[in-house]
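Text of start13.pdb (PDB, C-alpha atoms, pLDDT in the B column) as supplied:
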```
ATOM      1  CA  VAL A 120     -66.233  89.798  80.307  1.00 43.00           C
ATOM      2  CA  TRP A 121     -67.543  89.797  76.756  1.00 43.00           C
ATOM      3  CA  THR A 122     -70.801  91.414  77.840  1.00 46.00           C
ATOM      4  CA  GLN A 123     -68.903  94.161  79.635  1.00 48.00           C
ATOM      5  CA  ALA A 124     -66.700  94.672  76.605  1.00 44.00           C
ATOM      6  CA  LEU A 125     -69.756  95.462  74.507  1.00 44.00           C
ATOM      7  CA  GLN A 126     -70.835  98.325  76.742  1.00 49.00           C
ATOM      8  CA  PRO A 127     -70.749 101.692  74.934  1.00 50.00           C
ATOM      9  CA  ALA A 128     -67.518 103.622  75.367  1.00 50.00           C
ATOM     10  CA  PRO A 129     -67.681 107.060  77.017  1.00 53.00           C
ATOM     11  CA  GLY A 130     -68.475 109.714  74.457  1.00 53.00           C
ATOM     12  CA  MET A 131     -69.463 107.236  71.774  1.00 49.00           C
ATOM     13  CA  SER A 132     -72.397 108.367  69.668  1.00 52.00           C
ATOM     14  CA  ASP A 133     -75.501 106.224  69.294  1.00 54.00           C
ATOM     15  CA  ALA A 134     -74.690 105.588  65.633  1.00 50.00           C
ATOM     16  CA  ALA A 135     -71.130 104.466  66.418  1.00 48.00           C
ATOM     17  CA  ASP A 136     -72.357 102.274  69.267  1.00 48.00           C
ATOM     18  CA  ALA A 137     -74.910 100.627  66.963  1.00 46.00           C
ATOM     19  CA  ALA A 138     -72.228 100.042  64.321  1.00 45.00           C
ATOM     20  CA  VAL A 139     -69.900  98.371  66.820  1.00 44.00           C
ATOM     21  CA  ARG A 140     -72.648  96.158  68.190  1.00 46.00           C
ATOM     22  CA  GLY A 141     -73.806  95.242  64.705  1.00 47.00           C
ATOM     23  CA  CYS A 142     -70.270  94.273  63.679  1.00 46.00           C
ATOM     24  CA  LEU A 143     -69.382  92.259  66.780  1.00 45.00           C
ATOM     25  CA  CYS A 144     -72.747  90.675  67.516  1.00 46.00           C
ATOM     26  CA  TRP A 145     -74.197  89.993  64.088  1.00 45.00           C
ATOM     27  CA  PRO A 146     -75.052  86.373  65.079  1.00 47.00           C
ATOM     28  CA  SER A 147     -77.346  87.725  67.797  1.00 46.00           C
ATOM     29  CA  ARG A 148     -79.915  88.455  65.093  1.00 49.00           C
ATOM     30  CA  LEU A 149     -80.171  84.709  64.584  1.00 48.00           C
ATOM     31  CA  SER A 150     -81.078  81.975  67.005  1.00 52.00           C
ATOM     32  CA  GLY A 151     -80.656  78.272  67.520  1.00 55.00           C
ATOM     33  CA  GLY A 152     -79.530  76.240  64.544  1.00 60.00           C
ATOM     34  CA  LYS A 153     -79.292  79.281  62.273  1.00 71.00           C
ATOM     35  CA  ALA A 154     -76.783  80.938  64.611  1.00 70.00           C
ATOM     36  CA  VAL A 155     -74.684  77.776  64.749  1.00 71.00           C
ATOM     37  CA  ALA A 156     -74.768  77.501  60.946  1.00 76.00           C
ATOM     38  CA  ALA A 157     -73.793  81.166  60.579  1.00 79.00           C
ATOM     39  CA  LEU A 158     -70.869  80.807  63.001  1.00 78.00           C
ATOM     40  CA  SER A 159     -69.677  77.640  61.271  1.00 80.00           C
ATOM     41  CA  ALA A 160     -69.919  79.258  57.841  1.00 84.00           C
ATOM     42  CA  ALA A 161     -68.010  82.322  59.047  1.00 82.00           C
ATOM     43  CA  SER A 162     -65.193  80.137  60.411  1.00 82.00           C
ATOM     44  CA  VAL A 163     -64.979  78.116  57.193  1.00 85.00           C
ATOM     45  CA  VAL A 164     -64.872  81.267  55.052  1.00 87.00           C
ATOM     46  CA  LEU A 165     -62.226  82.818  57.301  1.00 85.00           C
ATOM     47  CA  ALA A 166     -60.012  79.722  57.176  1.00 85.00           C
ATOM     48  CA  THR A 167     -60.445  79.362  53.405  1.00 87.00           C
ATOM     49  CA  VAL A 168     -59.524  82.985  52.723  1.00 88.00           C
ATOM     50  CA  ALA A 169     -56.476  82.685  54.987  1.00 86.00           C
ATOM     51  CA  TYR A 170     -55.346  79.519  53.195  1.00 86.00           C
ATOM     52  CA  VAL A 171     -55.712  81.113  49.761  1.00 87.00           C
ATOM     53  CA  VAL A 172     -53.842  84.256  50.825  1.00 86.00           C
ATOM     54  CA  VAL A 173     -51.004  82.486  52.649  1.00 84.00           C
ATOM     55  CA  ARG A 174     -50.658  79.529  50.230  1.00 84.00           C
ATOM     56  CA  PRO A 175     -48.589  77.275  52.517  1.00 84.00           C
ATOM     57  CA  VAL A 176     -46.248  74.687  51.031  1.00 80.00           C
ATOM     58  CA  PRO A 177     -47.131  71.061  51.901  1.00 80.00           C
ATOM     59  CA  CYS A 178     -44.430  69.424  53.957  1.00 76.00           C
ATOM     60  CA  ALA A 179     -44.580  66.383  51.681  1.00 74.00           C
ATOM     61  CA  ASP A 180     -43.153  68.463  48.822  1.00 77.00           C
ATOM     62  CA  VAL A 181     -39.908  69.188  50.729  1.00 75.00           C
ATOM     63  CA  SER A 182     -37.675  66.246  51.560  1.00 74.00           C
ATOM     64  CA  ALA A 183     -35.978  68.008  54.500  1.00 73.00           C
ATOM     65  CA  CYS A 184     -39.354  68.754  56.099  1.00 72.00           C
ATOM     66  CA  THR A 185     -40.535  65.196  55.501  1.00 72.00           C
ATOM     67  CA  LEU A 186     -37.466  63.783  57.197  1.00 72.00           C
ATOM     68  CA  ASP A 187     -37.966  66.130  60.141  1.00 71.00           C
ATOM     69  CA  VAL A 188     -41.538  64.906  60.616  1.00 70.00           C
ATOM     70  CA  GLN A 189     -40.536  61.255  60.382  1.00 71.00           C
ATOM     71  CA  LYS A 190     -37.971  61.723  63.151  1.00 72.00           C
ATOM     72  CA  GLU A 191     -40.698  62.634  65.631  1.00 70.00           C
ATOM     73  CA  PRO A 192     -41.837  59.754  67.874  1.00 70.00           C
ATOM     74  CA  SER A 193     -45.396  58.557  67.380  1.00 72.00           C
ATOM     75  CA  SER A 194     -45.780  57.121  70.895  1.00 79.00           C
ATOM     76  CA  PHE A 195     -47.595  60.227  72.193  1.00 81.00           C
ATOM     77  CA  HIS A 196     -50.357  59.897  69.608  1.00 79.00           C
ATOM     78  CA  THR A 197     -50.578  56.170  70.240  1.00 84.00           C
ATOM     79  CA  TYR A 198     -51.219  56.829  73.932  1.00 89.00           C
ATOM     80  CA  ALA A 199     -53.689  59.591  73.083  1.00 88.00           C
ATOM     81  CA  VAL A 200     -55.696  57.365  70.736  1.00 89.00           C
ATOM     82  CA  SER A 201     -55.694  54.537  73.290  1.00 90.00           C
ATOM     83  CA  ALA A 202     -57.076  56.877  75.953  1.00 91.00           C
ATOM     84  CA  LEU A 203     -59.532  58.817  73.788  1.00 90.00           C
ATOM     85  CA  LEU A 204     -61.155  55.830  72.062  1.00 92.00           C
ATOM     86  CA  PRO A 205     -62.803  54.333  75.182  1.00 92.00           C
ATOM     87  CA  LEU A 206     -63.592  57.850  76.411  1.00 90.00           C
ATOM     88  CA  VAL A 207     -65.462  58.664  73.192  1.00 91.00           C
ATOM     89  CA  VAL A 208     -67.403  55.396  73.381  1.00 92.00           C
ATOM     90  CA  TYR A 209     -68.299  56.087  77.018  1.00 91.00           C
ATOM     91  CA  LYS A 210     -69.435  59.677  76.384  1.00 89.00           C
ATOM     92  CA  VAL A 211     -71.523  58.744  73.331  1.00 90.00           C
ATOM     93  CA  LEU A 212     -73.214  55.899  75.192  1.00 91.00           C
ATOM     94  CA  ALA A 213     -73.844  58.109  78.235  1.00 88.00           C
ATOM     95  CA  ALA A 214     -75.277  60.932  76.099  1.00 85.00           C
ATOM     96  CA  THR A 215     -77.464  58.470  74.197  1.00 87.00           C
ATOM     97  CA  ILE A 216     -78.811  56.934  77.407  1.00 85.00           C
ATOM     98  CA  GLU A 217     -79.510  60.396  78.840  1.00 81.00           C
ATOM     99  CA  TYR A 218     -81.419  61.365  75.708  1.00 80.00           C
ATOM    100  CA  ARG A 219     -83.469  58.160  75.570  1.00 82.00           C
ATOM    101  CA  THR A 220     -84.269  58.461  79.275  1.00 81.00           C
ATOM    102  CA  SER A 221     -85.353  62.092  78.924  1.00 75.00           C
ATOM    103  CA  LYS A 222     -87.200  61.672  75.618  1.00 74.00           C
ATOM    104  CA  PRO A 223     -90.675  61.071  77.167  1.00 74.00           C
ATOM    105  CA  VAL A 224     -90.552  64.436  78.988  1.00 70.00           C
ATOM    106  CA  LEU A 225     -88.878  66.578  76.316  1.00 67.00           C
ATOM    107  CA  HIS A 226     -92.199  68.141  75.305  1.00 70.00           C
ATOM    108  CA  LEU A 227     -93.197  68.686  78.935  1.00 71.00           C
ATOM    109  CA  VAL A 228     -90.016  70.243  80.305  1.00 68.00           C
ATOM    110  CA  PRO A 229     -88.365  72.539  77.727  1.00 66.00           C
ATOM    111  CA  ASP A 230     -85.187  73.008  79.790  1.00 67.00           C
ATOM    112  CA  VAL A 231     -84.354  69.305  79.576  1.00 65.00           C
ATOM    113  CA  ARG A 232     -82.608  69.883  76.239  1.00 68.00           C
ATOM    114  CA  SER A 233     -80.179  72.312  77.852  1.00 69.00           C
ATOM    115  CA  TYR A 234     -79.173  69.613  80.339  1.00 75.00           C
ATOM    116  CA  LEU A 235     -78.458  67.200  77.475  1.00 76.00           C
ATOM    117  CA  LEU A 236     -76.291  69.676  75.554  1.00 79.00           C
ATOM    118  CA  PRO A 237     -73.046  69.345  77.614  1.00 83.00           C
ATOM    119  CA  GLY A 238     -72.909  65.580  77.153  1.00 83.00           C
ATOM    120  CA  TRP A 239     -73.214  65.790  73.381  1.00 86.00           C
ATOM    121  CA  LEU A 240     -70.752  68.686  73.132  1.00 86.00           C
ATOM    122  CA  LEU A 241     -68.156  66.754  75.129  1.00 88.00           C
ATOM    123  CA  SER A 242     -68.749  63.703  72.936  1.00 89.00           C
ATOM    124  CA  ILE A 243     -68.060  65.731  69.797  1.00 90.00           C
ATOM    125  CA  ILE A 244     -64.991  67.391  71.345  1.00 91.00           C
ATOM    126  CA  PHE A 245     -63.446  64.060  72.324  1.00 92.00           C
ATOM    127  CA  LEU A 246     -64.313  62.600  68.912  1.00 92.00           C
ATOM    128  CA  VAL A 247     -62.565  65.466  67.101  1.00 91.00           C
ATOM    129  CA  LEU A 248     -59.513  65.068  69.362  1.00 91.00           C
ATOM    130  CA  LEU A 249     -59.502  61.339  68.578  1.00 92.00           C
ATOM    131  CA  LEU A 250     -59.630  61.982  64.825  1.00 90.00           C
ATOM    132  CA  GLN A 251     -56.829  64.527  65.105  1.00 87.00           C
ATOM    133  CA  ASN A 252     -54.534  62.085  66.898  1.00 86.00           C
ATOM    134  CA  VAL A 253     -55.451  59.277  64.497  1.00 86.00           C
ATOM    135  CA  THR A 254     -54.499  61.571  61.603  1.00 83.00           C
ATOM    136  CA  LEU A 255     -51.143  62.414  63.165  1.00 81.00           C
ATOM    137  CA  LEU A 256     -50.542  58.783  64.100  1.00 80.00           C
ATOM    138  CA  CYS A 257     -51.143  57.742  60.480  1.00 77.00           C
ATOM    139  CA  THR A 258     -48.780  60.491  59.349  1.00 71.00           C
ATOM    140  CA  TRP A 259     -45.934  59.184  61.492  1.00 64.00           C
ATOM    141  CA  GLY A 260     -46.826  55.512  61.273  1.00 52.00           C
ATOM    142  CA  SER A 261     -47.137  55.358  57.480  1.00 52.00           C
ATOM    143  CA  GLY A 262     -43.740  56.912  56.912  1.00 51.00           C
ATOM    144  CA  GLY A 263     -45.333  59.647  54.817  1.00 52.00           C
ATOM    145  CA  VAL A 264     -46.627  63.137  55.415  1.00 53.00           C
ATOM    146  CA  LEU A 265     -50.265  64.021  54.849  1.00 63.00           C
ATOM    147  CA  ASP A 266     -51.520  67.300  53.423  1.00 67.00           C
ATOM    148  CA  PHE A 267     -52.474  68.468  56.926  1.00 77.00           C
ATOM    149  CA  VAL A 268     -48.806  69.225  57.626  1.00 80.00           C
ATOM    150  CA  HIS A 269     -47.225  72.277  55.998  1.00 82.00           C
ATOM    151  CA  MET A 270     -43.738  73.726  55.907  1.00 80.00           C
ATOM    152  CA  VAL A 271     -42.502  77.047  57.250  1.00 79.00           C
ATOM    153  CA  ASP A 272     -39.348  78.337  55.570  1.00 73.00           C
ATOM    154  CA  ALA A 273     -36.171  78.552  57.635  1.00 61.00           C
ATOM    155  CA  SER A 274     -35.712  82.257  56.847  1.00 59.00           C
ATOM    156  CA  THR A 275     -39.234  82.983  58.065  1.00 57.00           C
ATOM    157  CA  ALA A 276     -38.928  81.022  61.306  1.00 52.00           C
ATOM    158  CA  GLY A 277     -35.319  82.005  62.005  1.00 57.00           C
ATOM    159  CA  LEU A 278     -34.322  78.334  62.090  1.00 54.00           C
ATOM    160  CA  ARG A 279     -31.579  76.286  60.480  1.00 57.00           C
ATOM    161  CA  GLY A 280     -33.935  74.244  58.358  1.00 58.00           C
ATOM    162  CA  PRO A 281     -37.575  73.888  57.274  1.00 69.00           C
ATOM    163  CA  ARG A 282     -39.983  73.443  60.131  1.00 76.00           C
ATOM    164  CA  PRO A 283     -43.209  71.419  59.911  1.00 80.00           C
ATOM    165  CA  VAL A 284     -46.453  73.097  60.982  1.00 82.00           C
ATOM    166  CA  LEU A 285     -49.193  70.718  62.144  1.00 83.00           C
ATOM    167  CA  THR A 286     -52.148  72.426  60.481  1.00 85.00           C
ATOM    168  CA  VAL A 287     -54.466  69.644  61.652  1.00 86.00           C
ATOM    169  CA  ILE A 288     -54.097  70.916  65.242  1.00 88.00           C
ATOM    170  CA  TYR A 289     -55.391  74.346  64.228  1.00 90.00           C
ATOM    171  CA  MET A 290     -58.250  72.708  62.326  1.00 88.00           C
ATOM    172  CA  GLU A 291     -59.158  70.812  65.486  1.00 89.00           C
ATOM    173  CA  SER A 292     -59.026  74.021  67.548  1.00 90.00           C
ATOM    174  CA  LEU A 293     -61.452  75.767  65.172  1.00 89.00           C
ATOM    175  CA  ILE A 294     -63.998  73.081  66.066  1.00 89.00           C
ATOM    176  CA  THR A 295     -63.365  72.276  69.723  1.00 90.00           C
ATOM    177  CA  VAL A 296     -62.605  75.730  71.164  1.00 90.00           C
ATOM    178  CA  PRO A 297     -65.999  77.214  70.145  1.00 89.00           C
ATOM    179  CA  MET A 298     -67.675  74.216  71.769  1.00 88.00           C
ATOM    180  CA  LEU A 299     -65.708  74.825  74.966  1.00 89.00           C
ATOM    181  CA  ILE A 300     -66.848  78.461  74.890  1.00 89.00           C
ATOM    182  CA  VAL A 301     -70.461  77.302  74.556  1.00 87.00           C
ATOM    183  CA  LEU A 302     -69.940  74.863  77.436  1.00 86.00           C
ATOM    184  CA  VAL A 303     -68.643  77.620  79.686  1.00 86.00           C
ATOM    185  CA  GLY A 304     -70.821  80.494  78.504  1.00 83.00           C
ATOM    186  CA  LYS A 305     -74.156  78.808  77.827  1.00 78.00           C
ATOM    187  CA  CYS A 306     -74.148  75.593  79.851  1.00 77.00           C
ATOM    188  CA  SER A 307     -72.209  76.770  82.908  1.00 76.00           C
ATOM    189  CA  LEU A 308     -72.898  80.510  83.130  1.00 77.00           C
ATOM    190  CA  GLY A 309     -76.370  80.415  81.604  1.00 77.00           C
ATOM    191  CA  ARG A 310     -75.628  82.907  78.809  1.00 78.00           C
ATOM    192  CA  SER A 311     -77.595  82.805  75.590  1.00 75.00           C
ATOM    193  CA  LEU A 312     -75.956  81.744  72.342  1.00 76.00           C
ATOM    194  CA  ASP A 313     -75.945  85.280  70.966  1.00 75.00           C
ATOM    195  CA  GLN A 314     -73.994  86.450  74.025  1.00 79.00           C
ATOM    196  CA  VAL A 315     -71.148  84.017  73.342  1.00 82.00           C
ATOM    197  CA  ALA A 316     -71.238  84.300  69.543  1.00 81.00           C
ATOM    198  CA  GLY A 317     -68.915  87.292  69.468  1.00 82.00           C
ATOM    199  CA  ALA A 318     -66.321  85.523  71.610  1.00 85.00           C
ATOM    200  CA  ILE A 319     -66.430  82.531  69.264  1.00 87.00           C
ATOM    201  CA  ILE A 320     -65.860  84.686  66.168  1.00 86.00           C
ATOM    202  CA  TRP A 321     -62.937  86.560  67.692  1.00 87.00           C
ATOM    203  CA  THR A 322     -61.365  83.384  69.107  1.00 89.00           C
ATOM    204  CA  ASN A 323     -61.511  81.598  65.753  1.00 89.00           C
ATOM    205  CA  THR A 324     -60.063  84.705  64.114  1.00 89.00           C
ATOM    206  CA  TYR A 325     -57.168  84.572  66.572  1.00 90.00           C
ATOM    207  CA  ILE A 326     -56.580  80.863  65.841  1.00 91.00           C
ATOM    208  CA  VAL A 327     -56.482  81.454  62.078  1.00 91.00           C
ATOM    209  CA  LEU A 328     -54.145  84.454  62.427  1.00 90.00           C
ATOM    210  CA  ALA A 329     -51.844  82.462  64.725  1.00 89.00           C
ATOM    211  CA  TRP A 330     -51.580  79.807  62.003  1.00 89.00           C
ATOM    212  CA  CYS A 331     -50.982  82.440  59.300  1.00 88.00           C
ATOM    213  CA  ALA A 332     -48.142  83.987  61.312  1.00 85.00           C
ATOM    214  CA  TYR A 333     -45.965  80.943  60.562  1.00 84.00           C
ATOM    215  CA  PHE A 334     -45.945  81.728  56.845  1.00 83.00           C
ATOM    216  CA  ILE A 335     -45.640  85.533  56.864  1.00 80.00           C
ATOM    217  CA  THR A 336     -42.110  86.704  56.098  1.00 75.00           C
ATOM    218  CA  ASP A 337     -42.460  90.349  57.127  1.00 75.00           C
ATOM    219  CA  PRO A 338     -41.500  90.517  60.850  1.00 74.00           C
ATOM    220  CA  LEU A 339     -43.633  93.615  61.455  1.00 79.00           C
ATOM    221  CA  ILE A 340     -46.791  91.963  60.110  1.00 77.00           C
ATOM    222  CA  ARG A 341     -45.988  88.800  62.075  1.00 75.00           C
TER     223      ARG A 341
END
```
In structure tokens, write the structure found in this file.
Amino acid sequence: VWTQALQPAPGMSDAADAAVRGCLCWPSRLSGGKAVAALSAASVVLATVAYVVVRPVPCADVSACTLDVQKEPSSFHTYAVSALLPLVVYKVLAATIEYRTSKPVLHLVPDVRSYLLPGWLLSIIFLVLLLQNVTLLCTWGSGGVLDFVHMVDASTAGLRGPRPVLTVIYMESLITVPMLIVLVGKCSLGRSLDQVAGAIIWTNTYIVLAWCAYFITDPLIR
């Protein structure tokens, strides 16, 4: 779908087509680790700029928001941590065994690395999910509210009182969703990294904007 979306539009000049491709597919000029570093840096810059512009209020600074968070049950995160912990251990061990088994032939069969990539990506995804649920479990279990939870004003949300926004979930999505896109695009469909780079940039942009929408008071901009 992304490849078809980059096809030149009818009547578009060569210069305009080149500008669109250069804007949407700038990571395609890079490869391998450099492309990953560029995509990661772009996501960090985007999230930082959004945070500075929006300037959300920490939930810990508002007693009503803190009380609302503490009312939430922590059992869900307890179950999630209990399930994810052995899963992370299993995936890391399996990926390590696969790598050690394939290590003698890595220099003989170049495509072996691509077969090892899904295992390590899944290990990282499950690890990030585990850390997210541990963070939320500590938030509820400690009786306090960490800085990863912010408050949306009642007038902005159209609610009766302040509403907590779990920013840590959006932070997790900025890491795991691009990896899922790589799993589908590169590992499953056989696309190159530069072909999925544009989808990663736009998806992370959507995630950041969805988080920003909580704190924007103007209904038209929201």
Using only C-alpha atoms, the residue out of A:Val155, A:Thr197, A:Thr220, A:Cys306 with shortest distance to Cys257 of chain A is A:Thr197
Determine the nearest neighbour of Glu191 of chain A from the options A:Leu256, A:Leu248, A:Ile335, A:Ala160, counting only C-alpha atoms.
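Of A:Leu256, A:Leu248, A:Ile335, A:Ala160, the one nearest Glu191 of chain A, counting only C-alpha atoms, is A:Leu256.
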So what does the PyMOL selection byres ((chain A and resi 204) around 12) actually pick up in this one, as a short mmCIF file (atom, residue, chain, number, x, y, z; two decimals) with C-alpha atoms, in the frame of the given file?
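selection_2.cif written:
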```cif
data_model
loop_
_atom_site.label_atom_id
_atom_site.label_comp_id
_atom_site.auth_asym_id
_atom_site.auth_seq_id
_atom_site.Cartn_x
_atom_site.Cartn_y
_atom_site.Cartn_z
CA HIS A 196 -50.36 59.90 69.61
CA THR A 197 -50.58 56.17 70.24
CA TYR A 198 -51.22 56.83 73.93
CA ALA A 199 -53.69 59.59 73.08
CA VAL A 200 -55.70 57.36 70.74
CA SER A 201 -55.69 54.54 73.29
CA ALA A 202 -57.08 56.88 75.95
CA LEU A 203 -59.53 58.82 73.79
CA PRO A 205 -62.80 54.33 75.18
CA LEU A 206 -63.59 57.85 76.41
CA VAL A 207 -65.46 58.66 73.19
CA VAL A 208 -67.40 55.40 73.38
CA TYR A 209 -68.30 56.09 77.02
CA LYS A 210 -69.44 59.68 76.38
CA VAL A 211 -71.52 58.74 73.33
CA SER A 242 -68.75 63.70 72.94
CA PHE A 245 -63.45 64.06 72.32
CA LEU A 246 -64.31 62.60 68.91
CA VAL A 247 -62.56 65.47 67.10
CA LEU A 248 -59.51 65.07 69.36
CA LEU A 249 -59.50 61.34 68.58
CA LEU A 250 -59.63 61.98 64.82
CA GLN A 251 -56.83 64.53 65.10
CA ASN A 252 -54.53 62.08 66.90
CA VAL A 253 -55.45 59.28 64.50
#
```
List the spatial neighbours of Ile319 of chain A as a compact mmCIF listing (two decimals) with C-alpha atoms, keeping the file's coordinate frame - criterion: any atom at most 8 Å away, only C-alpha atoms, same-chain residues fewer than 4 positions off excluded.
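part-v2.txt, written as the output of this step:
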```txt
# COMPACT_ATOMS: atom_id res chain seq x y z
CA LEU A 158 -70.87 80.81 63.00
CA PRO A 297 -66.00 77.21 70.14
CA ILE A 300 -66.85 78.46 74.89
CA VAL A 315 -71.15 84.02 73.34
CA ASN A 323 -61.51 81.60 65.75
```
Quiz item: Written as a PyMOL selection string, what is the full residue list that the PyMOL selection byres ((chain A and resi 283) around 7) yields on the file shown?
Solution: chain A and resi 178+184+188+268-271+281-282+284-285
Between atom CA of Phe334 of chain A and atom CA of Arg174 of chain A, what is the distance in Å, rounded to a tenth?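 Computing it gives 8.4 Å between the two atoms.
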So that I can check the surroundings of Ala214 of chain A, please list as a list in words every protein, DNA and RNA residue that reaches within 12 Å of it, counting only C-alpha atoms and ignoring chain neighbours fewer than 6 positions away.
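Neighbouring residues, sequence-local ones excluded: Val207, Val208, Thr220, Ser221, Lys222, Arg232, Tyr234, Leu235, Leu236, Pro237, Gly238, Trp239, Leu240, Leu241, Ser242 and Ile243 of chain A.
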Let me have the centre and edge lengths in Å, one decimal, of the box along x, y and z around every listed atom of segment 331-341 of chain A with 3 Å of margin on each side, as JSON.
```
{"center_x": -46.2, "center_y": 87.3, "center_z": 59.1, "size_x": 15.5, "size_y": 18.7, "size_z": 12.0}
```
(Q) When you look at Leu328 of chain A with a cut-off of 12 Å (counting only C-alpha atoms), what residues show up, excluding the ones that are within fewer than 3 positions of it in the same chain? I need them as a VMD selection string. (A) chain A and resid 165 to 166 168 to 170 172 to 173 289 293 321 to 325 331 to 335 340 to 341
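Take the candidates A:Val171, A:Val287, A:Leu302, A:Val163 and check each one against Thr258 of chain A using all atoms listed in the file; the shortest distance goes to A:Val287.
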* Asked: Do you have the atom CA of Ile244 of chain A-atom CA of Val303 of chain A distance handy?
  ->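 Going from atom CA of Ile244 of chain A over to atom CA of Val303 of chain A covers 13.7 Å.
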Using only C-alpha atoms: which of A:Val327, A:Lys153, A:Pro338, A:Ala318 has the shortest distance to Gly304 of chain A |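 Under the stated criterion, the closest residue is A:Ala318.
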What's the separation between atom CA of Gln189 of chain A and atom CA of Met290 of chain A, in Å to one decimal place?
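Spanning atom CA of Gln189 of chain A to atom CA of Met290 of chain A is a straight-line distance of 21.2 Å.
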